[in-house]
>>> print(open('input_30.csv').read())   # CSV, C-alpha atoms
chain,number,residue,atom,x,y,z
A,1214,MET,CA,163.2,129.6,33.6
A,1215,ALA,CA,163.5,131.6,36.8
A,1216,CYS,CA,160.5,133.7,35.7
A,1217,SER,CA,158.6,130.9,34.1
A,1218,ALA,CA,156.3,130.2,37.0
A,1219,HIS,CA,155.4,133.9,37.3
A,1220,LEU,CA,154.7,134.1,33.6
A,1221,LEU,CA,152.7,131.0,33.8
A,1222,SER,CA,150.5,132.3,36.6
A,1223,GLN,CA,150.0,135.6,34.8
A,1224,SER,CA,149.1,133.9,31.6
A,1225,LEU,CA,146.6,131.6,33.3
A,1226,TYR,CA,145.0,134.4,35.3
A,1227,SER,CA,144.6,136.6,32.3
A,1228,SER,CA,143.0,133.9,30.2
A,1229,HIS,CA,140.5,132.7,32.9
A,1230,ARG,CA,139.4,133.8,36.3
A,1231,ALA,CA,139.6,130.7,38.5
A,1232,SER,CA,137.7,130.1,41.7
A,1233,PRO,CA,139.3,131.4,45.0
A,1234,ALA,CA,140.5,127.8,45.8
A,1235,ALA,CA,142.1,127.5,42.4
A,1236,ARG,CA,143.8,130.9,42.7
A,1237,GLY,CA,145.1,129.9,46.1
A,1238,ASN,CA,146.9,126.9,44.5
A,1239,LEU,CA,148.5,129.2,41.9
A,1240,ARG,CA,149.7,131.9,44.3
A,1241,SER,CA,153.4,132.7,43.9
A,1242,GLY,CA,153.7,130.3,41.0
A,1243,ALA,CA,153.0,127.2,43.1
A,1244,ARG,CA,151.7,124.1,41.4
A,1245,PRO,CA,148.4,122.4,42.4
A,1246,PRO,CA,148.8,119.0,44.3
A,1247,ALA,CA,150.6,116.3,42.3
A,1248,ARG,CA,149.5,113.1,40.7
A,1249,ALA,CA,151.2,110.6,38.4
A,1250,SER,CA,151.0,111.3,34.6
A,1251,PRO,CA,151.7,108.9,31.8
A,1252,ALA,CA,153.5,111.7,30.0
A,1253,ALA,CA,155.5,112.8,33.0
A,1254,ARG,CA,159.2,113.5,32.6
A,1255,PRO,CA,161.3,110.8,34.2
A,1256,GLY,CA,162.0,111.5,37.8
A,1257,SER,CA,160.9,115.1,37.7
A,1258,SER,CA,159.0,116.2,40.8
A,1259,ALA,CA,158.4,119.7,39.5
A,1260,ARG,CA,157.0,118.6,36.1
A,1261,GLY,CA,156.7,114.9,36.5
A,1262,CYS,CA,153.2,114.9,38.1
A,1263,ARG,CA,150.1,116.9,37.5
A,1264,GLY,CA,147.5,118.0,40.0
A,1265,VAL,CA,143.9,116.7,40.4
A,1266,SER,CA,141.9,118.8,38.0
A,1267,LEU,CA,139.4,121.3,39.3
A,1268,ARG,CA,136.3,121.1,37.1
A,1269,VAL,CA,133.7,123.9,37.3
A,1270,ALA,CA,130.4,123.1,35.4
A,1271,ALA,CA,127.1,124.9,34.9
A,1272,SER,CA,124.1,123.6,33.1
A,1273,PHE,CA,120.8,125.1,31.9
A,1274,GLU,CA,117.8,124.2,29.8
A,1275,GLN,CA,117.8,125.5,26.3
A,1276,GLY,CA,114.6,124.4,24.6
A,1277,ARG,CA,114.5,120.6,25.2
A,1278,ARG,CA,118.3,120.2,25.3
A,1279,GLN,CA,120.5,120.5,28.4
A,1280,VAL,CA,123.8,122.3,27.7
A,1281,GLU,CA,126.8,121.9,30.0
A,1282,VAL,CA,129.6,124.5,30.0
A,1283,SER,CA,132.8,123.0,31.6
A,1284,TYR,CA,136.0,124.8,32.6
A,1285,ASP,CA,139.1,122.9,33.7
A,1286,PRO,CA,141.7,125.4,34.9
A,1287,GLN,CA,144.2,122.5,35.7
A,1288,ALA,CA,144.2,121.4,32.0
A,1289,LYS,CA,144.9,125.0,31.0
A,1290,PHE,CA,147.7,125.2,33.6
A,1291,ASN,CA,149.3,122.0,32.4
A,1292,GLN,CA,149.1,123.1,28.8
A,1293,LEU,CA,150.9,126.4,29.5
A,1294,ALA,CA,153.4,124.6,31.8
A,1295,ASP,CA,154.4,122.2,29.0
A,1296,GLN,CA,154.8,125.1,26.5
A,1297,ILE,CA,157.0,127.0,28.9
A,1298,ASP,CA,159.1,123.9,29.6
A,1299,LYS,CA,159.4,123.4,25.8
A,1300,ASP,CA,160.5,127.0,25.2
A,1301,ALA,CA,162.8,127.3,28.2
A,1302,GLY,CA,164.4,123.8,28.2
A,1303,MET,CA,164.9,121.6,31.2
A,1304,THR,CA,166.5,123.3,34.2
A,1305,ARG,CA,165.8,120.9,37.1
A,1306,LEU,CA,165.5,117.2,37.5
A,1307,ASN,CA,164.9,114.9,40.4
A,1308,LEU,CA,165.9,111.2,40.0
A,1309,PHE,CA,165.8,108.1,42.1
A,1310,SER,CA,169.2,106.3,42.5
A,1311,PRO,CA,168.5,102.7,43.6
A,1312,CYS,CA,171.2,100.3,44.9
A,1313,LYS,CA,171.8,96.7,44.0
A,1314,ILE,CA,172.4,93.3,45.5
A,1315,ASN,CA,174.5,90.4,44.2
A,1316,LEU,CA,172.4,87.2,44.2
A,1317,PHE,CA,175.5,85.3,43.6
A,1318,LEU,CA,179.1,86.4,43.2
A,1319,ARG,CA,181.8,84.1,41.8
A,1320,ILE,CA,185.4,85.2,41.5
A,1321,THR,CA,186.8,83.2,38.6
A,1322,GLY,CA,190.4,84.5,38.3
A,1323,LYS,CA,192.9,87.4,38.6
A,1324,ARG,CA,193.6,89.6,35.6
A,1325,PRO,CA,197.0,91.0,34.4
A,1326,ASP,CA,195.7,94.5,35.2
A,1327,GLY,CA,195.3,93.6,38.8
A,1328,PHE,CA,191.5,93.3,38.8
A,1329,HIS,CA,189.6,90.1,39.3
A,1330,ASP,CA,187.4,88.4,36.8
A,1331,LEU,CA,183.9,87.8,38.2
A,1332,ALA,CA,180.6,86.2,37.2
A,1333,SER,CA,177.7,87.6,39.2
A,1334,LEU,CA,173.9,88.0,39.0
A,1335,PHE,CA,173.1,91.6,39.9
A,1336,HIS,CA,169.6,93.0,40.6
A,1337,VAL,CA,168.5,96.5,41.4
A,1338,ILE,CA,166.4,96.8,44.5
A,1339,SER,CA,164.0,99.5,45.8
A,1340,LEU,CA,166.3,101.1,48.4
A,1341,GLY,CA,167.9,104.1,47.0
A,1342,ASP,CA,169.0,107.8,47.2
A,1343,THR,CA,167.4,110.8,45.6
A,1344,ILE,CA,169.5,113.2,43.6
A,1345,LYS,CA,168.3,116.7,42.6
A,1346,PHE,CA,170.0,118.3,39.6
A,1347,SER,CA,169.7,122.0,38.7
A,1348,LEU,CA,171.5,123.7,35.8
A,1349,SER,CA,174.2,126.1,37.2
A,1350,PRO,CA,175.0,129.5,35.6
A,1351,SER,CA,178.6,128.5,36.1
A,1352,LYS,CA,180.5,127.2,33.1
A,1353,SER,CA,183.5,126.0,35.2
A,1354,ARG,CA,182.4,123.7,38.0
A,1355,ASP,CA,179.7,121.6,39.6
A,1356,ARG,CA,178.6,122.0,43.2
A,1357,LEU,CA,177.5,119.0,45.2
A,1358,SER,CA,175.8,118.9,48.6
A,1359,THR,CA,174.5,116.0,50.7
A,1360,ASN,CA,172.6,115.3,53.8
A,1361,VAL,CA,175.2,112.8,55.2
A,1362,PRO,CA,178.4,114.0,56.8
A,1363,GLY,CA,181.6,112.4,55.6
A,1364,VAL,CA,180.4,111.9,52.0
A,1365,PRO,CA,183.0,113.6,49.7
A,1366,VAL,CA,181.6,116.5,47.7
A,1367,ASP,CA,184.7,117.2,45.6
A,1368,GLU,CA,185.9,115.7,42.4
A,1369,SER,CA,186.6,112.4,44.1
A,1370,ASN,CA,182.8,111.8,44.3
A,1371,LEU,CA,181.6,109.5,41.5
A,1372,ILE,CA,178.7,111.9,40.7
A,1373,ILE,CA,181.2,114.7,39.8
A,1374,LYS,CA,183.4,112.1,37.9
A,1375,ALA,CA,180.4,111.1,35.9
A,1376,LEU,CA,179.5,114.6,35.0
A,1377,ASN,CA,183.1,115.3,33.9
A,1378,LEU,CA,183.1,112.1,31.9
A,1379,TYR,CA,179.8,113.1,30.1
A,1380,ARG,CA,181.2,116.6,29.2
A,1381,GLN,CA,184.4,115.0,28.0
A,1382,LYS,CA,182.6,112.5,25.7
A,1383,THR,CA,180.0,114.8,24.3
A,1384,GLY,CA,181.6,118.3,24.3
A,1385,THR,CA,178.6,119.7,26.2
A,1386,ASP,CA,179.2,122.5,28.7
A,1387,ASN,CA,176.4,122.1,31.2
A,1388,PHE,CA,177.4,122.4,34.9
A,1389,PHE,CA,175.1,121.6,37.8
A,1390,TRP,CA,174.1,122.2,41.3
A,1391,ILE,CA,173.5,118.7,42.8
A,1392,HIS,CA,172.0,117.7,46.1
A,1393,LEU,CA,172.4,114.0,47.1
A,1394,ASP,CA,169.7,112.9,49.7
A,1395,LYS,CA,171.5,109.7,50.8
A,1396,LYS,CA,169.7,106.7,52.2
A,1397,VAL,CA,171.9,103.9,51.0
A,1398,PRO,CA,174.7,103.3,53.6
A,1399,THR,CA,178.3,103.5,52.5
A,1400,GLY,CA,180.7,100.5,52.7
A,1401,ALA,CA,177.7,98.2,52.4
A,1402,GLY,CA,178.3,96.2,49.2
A,1403,LEU,CA,175.2,97.7,47.7
A,1404,GLY,CA,176.7,99.8,44.9
A,1405,GLY,CA,175.3,103.1,46.1
A,1406,GLY,CA,178.1,105.2,44.7
A,1407,SER,CA,178.0,103.4,41.4
A,1408,SER,CA,174.3,104.0,41.1
A,1409,ASN,CA,174.8,107.7,41.9
A,1410,ALA,CA,177.3,107.9,39.0
A,1411,ALA,CA,175.0,106.1,36.6
A,1412,THR,CA,172.1,108.4,37.6
A,1413,ALA,CA,174.3,111.5,37.1
A,1414,LEU,CA,175.2,110.3,33.5
A,1415,TRP,CA,171.5,109.7,32.8
A,1416,ALA,CA,170.6,113.2,34.1
A,1417,ALA,CA,173.4,115.0,32.1
A,1418,ASN,CA,172.1,113.2,29.0
A,1419,GLN,CA,168.5,114.3,29.7
A,1420,PHE,CA,169.6,118.0,30.0
A,1421,ALA,CA,171.5,117.7,26.8
A,1422,GLY,CA,168.5,116.4,24.9
A,1423,SER,CA,169.4,112.6,25.0
A,1424,ILE,CA,172.2,113.0,22.5
A,1425,ALA,CA,173.9,109.8,23.7
A,1426,SER,CA,172.3,106.4,23.6
A,1427,GLU,CA,171.9,104.1,26.6
A,1428,LYS,CA,174.6,101.9,25.1
A,1429,ASP,CA,176.9,104.9,24.9
A,1430,LEU,CA,176.3,105.7,28.6
A,1431,GLN,CA,176.8,102.1,29.6
A,1432,GLU,CA,180.1,101.8,27.7
A,1433,TRP,CA,181.5,105.2,28.9
A,1434,SER,CA,180.6,104.5,32.6
A,1435,GLY,CA,183.0,101.5,32.7
A,1436,GLU,CA,185.9,104.0,32.6
A,1437,ILE,CA,185.1,105.3,36.1
A,1438,GLY,CA,183.7,102.2,37.9
A,1439,SER,CA,183.3,98.5,37.3
A,1440,ASP,CA,179.7,98.3,38.8
A,1441,ILE,CA,178.4,101.4,37.0
A,1442,PRO,CA,177.5,99.8,33.6
A,1443,PHE,CA,175.1,97.4,35.3
A,1444,PHE,CA,172.7,100.2,36.2
A,1445,PHE,CA,172.1,100.8,32.5
A,1446,SER,CA,170.6,97.3,32.3
A,1447,ARG,CA,166.8,96.9,32.8
A,1448,GLY,CA,167.5,96.0,36.5
A,1449,ALA,CA,168.6,92.4,36.4
A,1450,ALA,CA,171.8,91.3,34.6
A,1451,TYR,CA,174.5,88.6,34.5
A,1452,CYS,CA,177.8,90.5,34.7
A,1453,THR,CA,181.2,89.3,33.8
A,1454,GLY,CA,184.7,90.6,33.2
A,1455,ARG,CA,185.4,93.3,35.9
A,1456,GLY,CA,181.6,93.6,36.0
A,1457,GLU,CA,181.4,95.9,33.0
A,1458,ILE,CA,180.2,93.1,30.6
A,1459,VAL,CA,176.4,93.2,31.2
A,1460,GLU,CA,173.9,90.8,29.8
A,1461,ASP,CA,170.2,91.6,30.6
A,1462,ILE,CA,168.1,88.9,32.2
A,1463,PRO,CA,164.5,89.9,31.6
A,1464,ASN,CA,161.6,88.9,34.0
A,1465,LEU,CA,164.0,87.1,36.3
A,1466,LEU,CA,162.2,87.5,39.7
A,1467,PRO,CA,158.9,88.8,40.9
A,1468,GLU,CA,159.1,92.4,42.0
A,1469,ASN,CA,156.8,91.7,45.0
A,1470,LEU,CA,159.4,89.2,46.5
A,1471,SER,CA,160.4,91.1,49.6
A,1472,MET,CA,163.7,91.1,51.5
A,1473,ALA,CA,165.3,92.5,54.6
A,1474,LEU,CA,168.7,94.3,54.5
A,1475,ILE,CA,170.7,94.2,57.7
A,1476,LYS,CA,174.0,96.1,58.0
A,1477,PRO,CA,176.2,96.5,61.1
A,1478,PRO,CA,177.7,100.0,61.6
A,1479,GLU,CA,181.1,98.7,60.6
A,1480,ALA,CA,181.9,98.9,56.9
A,1481,CYS,CA,184.0,96.4,54.8
A,1482,SER,CA,186.8,97.9,52.8
A,1483,THR,CA,186.5,96.5,49.3
A,1484,ALA,CA,190.3,96.7,48.8
A,1485,GLU,CA,191.0,94.9,52.1
A,1486,VAL,CA,188.4,92.1,51.2
A,1487,TYR,CA,190.0,91.5,47.8
A,1488,LYS,CA,193.5,91.6,49.4
A,1489,ARG,CA,192.5,88.7,51.6
A,1490,PHE,CA,190.7,86.7,48.9
A,1491,ARG,CA,192.3,83.4,47.9
A,1492,LEU,CA,191.2,81.9,44.6
A,1493,GLU,CA,191.9,78.3,45.9
A,1494,GLN,CA,189.3,78.9,48.6
A,1495,ALA,CA,186.6,80.1,46.2
A,1496,SER,CA,183.5,78.0,45.4
A,1497,LYS,CA,183.7,75.6,42.5
A,1498,ALA,CA,180.1,76.2,41.5
A,1499,ASP,CA,179.6,77.0,37.8
A,1500,PRO,CA,178.1,80.5,37.6
A,1501,LEU,CA,176.0,79.6,34.6
A,1502,THR,CA,174.6,76.7,36.5
A,1503,LEU,CA,173.7,79.0,39.3
A,1504,LEU,CA,172.1,81.4,36.9
A,1505,LYS,CA,170.0,78.6,35.3
A,1506,GLU,CA,168.9,77.4,38.8
A,1507,ILE,CA,167.7,80.8,39.8
A,1508,THR,CA,166.0,81.4,36.5
A,1509,GLN,CA,164.1,78.1,36.6
A,1510,ASN,CA,163.5,77.6,40.3
A,1511,GLY,CA,164.0,80.9,42.1
A,1512,ILE,CA,166.2,81.8,45.0
A,1513,SER,CA,167.5,79.2,47.6
A,1514,GLN,CA,170.3,79.2,50.0
A,1515,HIS,CA,172.6,76.9,48.0
A,1516,VAL,CA,172.6,79.1,44.9
A,1517,CYS,CA,173.4,82.4,46.7
A,1518,VAL,CA,177.2,81.8,46.6
A,1519,ASN,CA,179.5,84.8,47.4
A,1520,ASP,CA,183.2,84.1,47.1
A,1521,LEU,CA,183.9,87.3,49.0
A,1522,GLU,CA,182.2,86.2,52.2
A,1523,PRO,CA,185.2,84.3,53.7
A,1524,PRO,CA,187.7,87.2,53.3
A,1525,ALA,CA,185.0,89.7,54.4
A,1526,PHE,CA,184.4,87.6,57.5
A,1527,GLU,CA,188.2,87.8,58.2
A,1528,VAL,CA,188.1,91.5,57.9
A,1529,LEU,CA,184.9,91.7,60.1
A,1530,PRO,CA,184.5,88.5,62.2
A,1531,SER,CA,181.3,89.9,63.8
A,1532,LEU,CA,179.7,89.8,60.4
A,1533,LYS,CA,180.0,86.0,60.3
A,1534,ARG,CA,178.5,85.7,63.7
A,1535,LEU,CA,175.6,88.0,62.6
A,1536,LYS,CA,174.9,85.9,59.6
A,1537,LYS,CA,174.8,82.6,61.6
A,1538,ARG,CA,172.5,84.2,64.1
A,1539,ILE,CA,170.1,85.5,61.5
A,1540,ILE,CA,169.8,82.1,59.9
A,1541,ALA,CA,169.3,80.4,63.2
A,1542,ALA,CA,166.6,82.9,64.3
A,1543,SER,CA,164.8,83.1,61.0
A,1544,ARG,CA,163.3,79.6,61.3
A,1545,ASP,CA,163.1,79.2,57.5
A,1546,GLU,CA,161.4,82.6,57.2
A,1547,TYR,CA,164.0,83.5,54.5
A,1548,ASN,CA,164.7,81.5,51.3
A,1549,ALA,CA,168.3,82.6,51.6
A,1550,VAL,CA,170.6,84.7,53.7
A,1551,PHE,CA,173.8,86.0,52.1
A,1552,MET,CA,176.2,88.9,51.9
A,1553,SER,CA,175.9,91.4,49.1
A,1554,GLY,CA,179.1,92.4,47.2
A,1555,SER,CA,182.1,92.9,49.4
A,1556,GLY,CA,179.9,93.6,52.4
A,1557,SER,CA,178.9,94.4,55.0
A,1558,THR,CA,175.2,94.2,54.2
A,1559,LEU,CA,173.4,90.8,54.8
A,1560,VAL,CA,170.3,90.1,52.8
A,1561,GLY,CA,167.4,87.9,53.8
A,1562,ILE,CA,165.2,87.0,50.8
A,1563,GLY,CA,161.6,86.1,51.4
A,1564,SER,CA,160.5,88.4,54.3
A,1565,PRO,CA,160.8,92.2,54.9
A,1566,ASP,CA,161.2,91.7,58.6
A,1567,PRO,CA,164.5,91.2,60.4
A,1568,PRO,CA,164.8,88.7,63.3
A,1569,ALA,CA,163.6,90.1,66.6
A,1570,PHE,CA,167.0,90.0,68.2
A,1571,VAL,CA,168.1,92.8,65.9
A,1572,TYR,CA,165.8,95.1,67.9
A,1573,ASP,CA,166.2,93.4,71.3
A,1574,ASP,CA,169.9,92.9,71.6
A,1575,GLU,CA,171.9,95.9,72.7
A,1576,ASP,CA,174.8,94.8,70.6
A,1577,TYR,CA,172.8,95.7,67.5
A,1578,LYS,CA,171.5,99.0,68.6
A,1579,ASP,CA,173.3,100.8,65.7
A,1580,VAL,CA,172.4,98.3,63.0
A,1581,PHE,CA,171.0,99.6,59.7
A,1582,VAL,CA,167.7,97.9,58.7
A,1583,SER,CA,165.6,98.3,55.6
A,1584,GLU,CA,163.0,96.3,53.8
A,1585,ALA,CA,163.2,96.2,50.0
A,1586,CYS,CA,162.0,94.5,46.9
A,1587,PHE,CA,163.3,93.9,43.4
A,1588,LEU,CA,163.1,96.8,40.9
A,1589,THR,CA,163.4,97.1,37.1
A,1590,ARG,CA,162.9,99.8,34.6
A,1591,ASP,CA,161.5,100.3,31.1
A,1592,GLU,CA,163.6,101.2,28.1
A,1593,ASN,CA,164.4,104.9,27.9
A,1594,GLU,CA,163.0,105.5,31.4
A,1595,TRP,CA,165.0,105.7,34.6
A,1596,TYR,CA,164.3,103.8,37.7
A,1597,ARG,CA,161.3,105.0,39.8
A,1598,GLU,CA,161.0,104.7,43.5
A,1599,PRO,CA,158.1,102.3,44.4
A,1600,ILE,CA,155.3,104.2,46.2
A,1601,SER,CA,155.1,101.4,48.8
A,1602,SER,CA,158.8,101.5,49.6
A,1603,LYS,CA,159.6,102.4,53.2
A,1604,ALA,CA,162.5,104.4,54.5
A,1605,ALA,CA,165.4,102.6,56.1
A,1606,PHE,CA,165.9,103.0,59.8
A,1607,SER,CA,168.0,102.0,62.7
A,1608,LYS,CA,167.0,100.8,66.1
A,1609,ASP,CA,167.3,104.4,67.5
A,1610,ASP,CA,164.4,105.5,65.2
A,1611,LEU,CA,162.0,103.2,67.0
A,1612,PRO,CA,159.7,104.4,69.8
A,1613,ALA,CA,160.9,103.6,73.3
A,1614,SER,CA,157.9,101.3,73.8
A,1615,VAL,CA,159.3,99.0,71.1
A,1616,THR,CA,163.0,99.0,72.2
A,1617,ASP,CA,162.5,98.9,76.0
>>> encode(input="input_30.csv", output="structure tokens")
Amino acid sequence: MACSAHLLSQSLYSSHRASPAARGNLRSGARPPARASPAARPGSSARGCRGVSLRVAASFEQGRRQVEVSYDPQAKFNQLADQIDKDAGMTRLNLFSPCKINLFLRITGKRPDGFHDLASLFHVISLGDTIKFSLSPSKSRDRLSTNVPGVPVDESNLIIKALNLYRQKTGTDNFFWIHLDKKVPTGAGLGGGSSNAATALWAANQFAGSIASEKDLQEWSGEIGSDIPFFFSRGAAYCTGRGEIVEDIPNLLPENLSMALIKPPEACSTAEVYKRFRLEQASKADPLTLLKEITQNGISQHVCVNDLEPPAFEVLPSLKRLKKRIIAASRDEYNAVFMSGSGSTLVGIGSPDPPAFVYDDEDYKDVFVSEACFLTRDENEWYREPISSKAAFSKDDLPASVTD
């Protein structure tokens, strides 16, 4: 595959002599500018989009008929690219790795294995990481890099665990170079690491020719994390057990329903939150009633129950104050304000904009803020980042004229 771009350029040039502009696009094997294609490979930036076609046409009179001779070098380029991909096999793949929120989270009991039984409505949202996978010549190890200091890149990372799991289950021997471009904050209750693991399983299966079914991937993934199986749903699911029992809920909420994510710099330790959880202090709301209410009437404050909020607020008292302040300042701008997962992200449903005090108050100068919307996927396709999604930012990213 290393020489495929060179061969492709040679083949195209020898078949047709393109205009100077077209040759400029093909120099050194570079692709013309990209556009979306219905046949695009899921998540691939190198092959997933095709450029705008250059069309050269000449016409002349022949008797009483006008004859048009057309030449489309982009179509020829695409045809040859697809043939080379088919012959060489996949060697690179870029995938979006979105996070999730819990619209409600009920803890219903403690299990003999030490885990807790839960009943929760999960939904994928448009904030996410990007993971780049490349086949490695090594047959002994994966190599992971990331843009964020402090994220482990050894076998403790769920991406590496997922790739090891896939090889164990399938007997394949593909190893990878992986780069994780991280935008989802850690310790946030957004399932960023679980999403990364699910995305890695999906990628490994693509490289192997999709020899495992989505159901296989979902079942296997529960061996390395309770939240990972959810990401093999279509994007919205009612999850029970440890979280690994996943029931798809189709067409639950409109994808244009916006939200604001607000996370203080302090993280909540999931282990510490569960350690402080007391079952007798949990909500008595029936999770199936909550699910029915959201399905029929949408999101409101009283249905967005999270039994982990009280212990999380014990771990991080400032988080409780922040939630109260958001609700007071929003003036009913949000349909609901609640904590996702075990924290420390607070979610405001109904508006992409955080309250003004988040920008104005020096106490919140390091807060993480992002807008998001709900996200789903089609069967046999991975999640795609919405074109309109905006990068997350902190107050320090704003111009001085805004923050002064």
>>> atom_distance(input="input_30.csv", atom1="atom CA of A:Trp1390", atom2="atom CA of A:Ser1408")
18.2 Å
>>> atom_distance(input="input_30.csv", atom1="atom CA of A:Gly1400", atom2="atom CA of A:Asn1307")
24.7 Å
>>> residues_around(input="input_30.csv", residues="stretch 1513-1515 of chain A", least_positions_apart="4", cutoff="8 Å", atoms="all atoms listed in the file", output="short mmCIF file (atom, residue, chain, number, x, y, z; two decimals) with C-alpha atoms, in the frame of the given file")
data_model
loop_
_atom_site.label_atom_id
_atom_site.label_comp_id
_atom_site.auth_asym_id
_atom_site.auth_seq_id
_atom_site.Cartn_x
_atom_site.Cartn_y
_atom_site.Cartn_z
CA ILE A 1507 167.70 80.80 39.80
CA ASN A 1548 164.70 81.50 51.30
CA ALA A 1549 168.30 82.60 51.60
CA VAL A 1550 170.60 84.70 53.70
CA PHE A 1551 173.80 86.00 52.10
#
>>> atom_distance(input="input_30.csv", atom1="atom CA of A:Asp1440", atom2="atom CA of A:Leu1588")
16.8 Å
>>> residues_around(input="input_30.csv", residues="stretch 1342-1349 of chain A", least_positions_apart="5", cutoff="8 Å", atoms="all atoms listed in the file", output="PyMOL selection string")
chain A and resi 1304-1311+1355+1387-1397+1405+1409+1416
>>> write_last_selection(input="input_30.csv", atoms="C-alpha atoms", output="PDB file, in the frame of the given file")
ATOM      1  CA  THR A1304     166.500 123.300  34.200  1.00  0.00           C
ATOM      2  CA  ARG A1305     165.800 120.900  37.100  1.00  0.00           C
ATOM      3  CA  LEU A1306     165.500 117.200  37.500  1.00  0.00           C
ATOM      4  CA  ASN A1307     164.900 114.900  40.400  1.00  0.00           C
ATOM      5  CA  LEU A1308     165.900 111.200  40.000  1.00  0.00           C
ATOM      6  CA  PHE A1309     165.800 108.100  42.100  1.00  0.00           C
ATOM      7  CA  SER A1310     169.200 106.300  42.500  1.00  0.00           C
ATOM      8  CA  PRO A1311     168.500 102.700  43.600  1.00  0.00           C
ATOM      9  CA  ASP A1355     179.700 121.600  39.600  1.00  0.00           C
ATOM     10  CA  ASN A1387     176.400 122.100  31.200  1.00  0.00           C
ATOM     11  CA  PHE A1388     177.400 122.400  34.900  1.00  0.00           C
ATOM     12  CA  PHE A1389     175.100 121.600  37.800  1.00  0.00           C
ATOM     13  CA  TRP A1390     174.100 122.200  41.300  1.00  0.00           C
ATOM     14  CA  ILE A1391     173.500 118.700  42.800  1.00  0.00           C
ATOM     15  CA  HIS A1392     172.000 117.700  46.100  1.00  0.00           C
ATOM     16  CA  LEU A1393     172.400 114.000  47.100  1.00  0.00           C
ATOM     17  CA  ASP A1394     169.700 112.900  49.700  1.00  0.00           C
ATOM     18  CA  LYS A1395     171.500 109.700  50.800  1.00  0.00           C
ATOM     19  CA  LYS A1396     169.700 106.700  52.200  1.00  0.00           C
ATOM     20  CA  VAL A1397     171.900 103.900  51.000  1.00  0.00           C
ATOM     21  CA  GLY A1405     175.300 103.100  46.100  1.00  0.00           C
ATOM     22  CA  ASN A1409     174.800 107.700  41.900  1.00  0.00           C
ATOM     23  CA  ALA A1416     170.600 113.200  34.100  1.00  0.00           C
TER      24      ALA A1416
END
>>> residues_around(input="input_30.csv", residues="A:Ser1423", least_positions_apart="4", cutoff="12 Å", atoms="all atoms listed in the file", output="list in words")
Met1303, Tyr1379, Thr1383, Thr1385, Leu1414, Trp1415, Ala1416, Ala1417, Asn1418, Gln1419, Glu1427, Lys1428, Asp1429, Leu1430, Asn1593 and Glu1594 of chain A
>>> closest_atom_pairs(input="input_30.csv", of="stretch 1425-1543 of chain A", to="stretch 1361-1371 of chain A", cutoff="12 Å", atoms="only C-alpha atoms", output="CSV")
residue,atom,partner,partner_atom,distance
A:Ser1434,CA,A:Leu1371,CA,10.3
A:Gly1435,CA,A:Leu1371,CA,12.0
A:Glu1436,CA,A:Leu1371,CA,11.3
A:Ile1437,CA,A:Leu1371,CA,7.7
A:Gly1438,CA,A:Leu1371,CA,8.4
A:Ser1439,CA,A:Leu1371,CA,11.9
A:Asp1440,CA,A:Leu1371,CA,11.7
A:Ile1441,CA,A:Leu1371,CA,9.8
>>> residues_around(input="input_30.csv", residues="A:Glu1546", least_positions_apart="3", cutoff="10 Å", atoms="all atoms listed in the file", output="list in words")
Ile1540, Ala1542, Ser1543, Ala1549, Gly1561, Ile1562, Gly1563, Ser1564, Pro1565, Asp1566, Pro1567 and Pro1568 of chain A
>>> closest_residue(input="input_30.csv", among="A:Arg1380, A:Tyr1596, A:Ile1424, A:Asn1315", to="A:Glu1522", atoms="all atoms listed in the file")
A:Asn1315
>>> closest_residue(input="input_30.csv", among="A:Ser1471, A:Asn1519, A:Thr1502, A:Asn1360", to="A:Phe1490", atoms="only C-alpha atoms")
A:Asn1519
>>> residues_near_point(input="input_30.csv", point="(187.0, 91.5, 60.9)", cutoff="12 Å", atoms="all atoms listed in the file", output="ChimeraX atom specification")
/A:1477,1479-1482,1485-1486,1489,1522-1534,1556-1557
>>> closest_residue(input="input_30.csv", among="A:Arg1319, A:Lys1476, A:His1336, A:Lys1537", to="A:Ser1583", atoms="only C-alpha atoms")
A:Lys1476
>>> residues_near_point(input="input_30.csv", point="(182.6, 89.8, 33.5)", cutoff="10 Å", atoms="all atoms listed in the file", output="PyMOL selection string")
chain A and resi 1320-1321+1329-1333+1439+1451-1460
>>> write_last_selection(input="input_30.csv", atoms="C-alpha atoms", output="mmCIF file, in the coordinates of the input")
data_model
loop_
_atom_site.group_PDB
_atom_site.id
_atom_site.type_symbol
_atom_site.label_atom_id
_atom_site.label_comp_id
_atom_site.auth_asym_id
_atom_site.auth_seq_id
_atom_site.Cartn_x
_atom_site.Cartn_y
_atom_site.Cartn_z
ATOM 1 C CA ILE A 1320 185.400 85.200 41.500
ATOM 2 C CA THR A 1321 186.800 83.200 38.600
ATOM 3 C CA HIS A 1329 189.600 90.100 39.300
ATOM 4 C CA ASP A 1330 187.400 88.400 36.800
ATOM 5 C CA LEU A 1331 183.900 87.800 38.200
ATOM 6 C CA ALA A 1332 180.600 86.200 37.200
ATOM 7 C CA SER A 1333 177.700 87.600 39.200
ATOM 8 C CA SER A 1439 183.300 98.500 37.300
ATOM 9 C CA TYR A 1451 174.500 88.600 34.500
ATOM 10 C CA CYS A 1452 177.800 90.500 34.700
ATOM 11 C CA THR A 1453 181.200 89.300 33.800
ATOM 12 C CA GLY A 1454 184.700 90.600 33.200
ATOM 13 C CA ARG A 1455 185.400 93.300 35.900
ATOM 14 C CA GLY A 1456 181.600 93.600 36.000
ATOM 15 C CA GLU A 1457 181.400 95.900 33.000
ATOM 16 C CA ILE A 1458 180.200 93.100 30.600
ATOM 17 C CA VAL A 1459 176.400 93.200 31.200
ATOM 18 C CA GLU A 1460 173.900 90.800 29.800
#
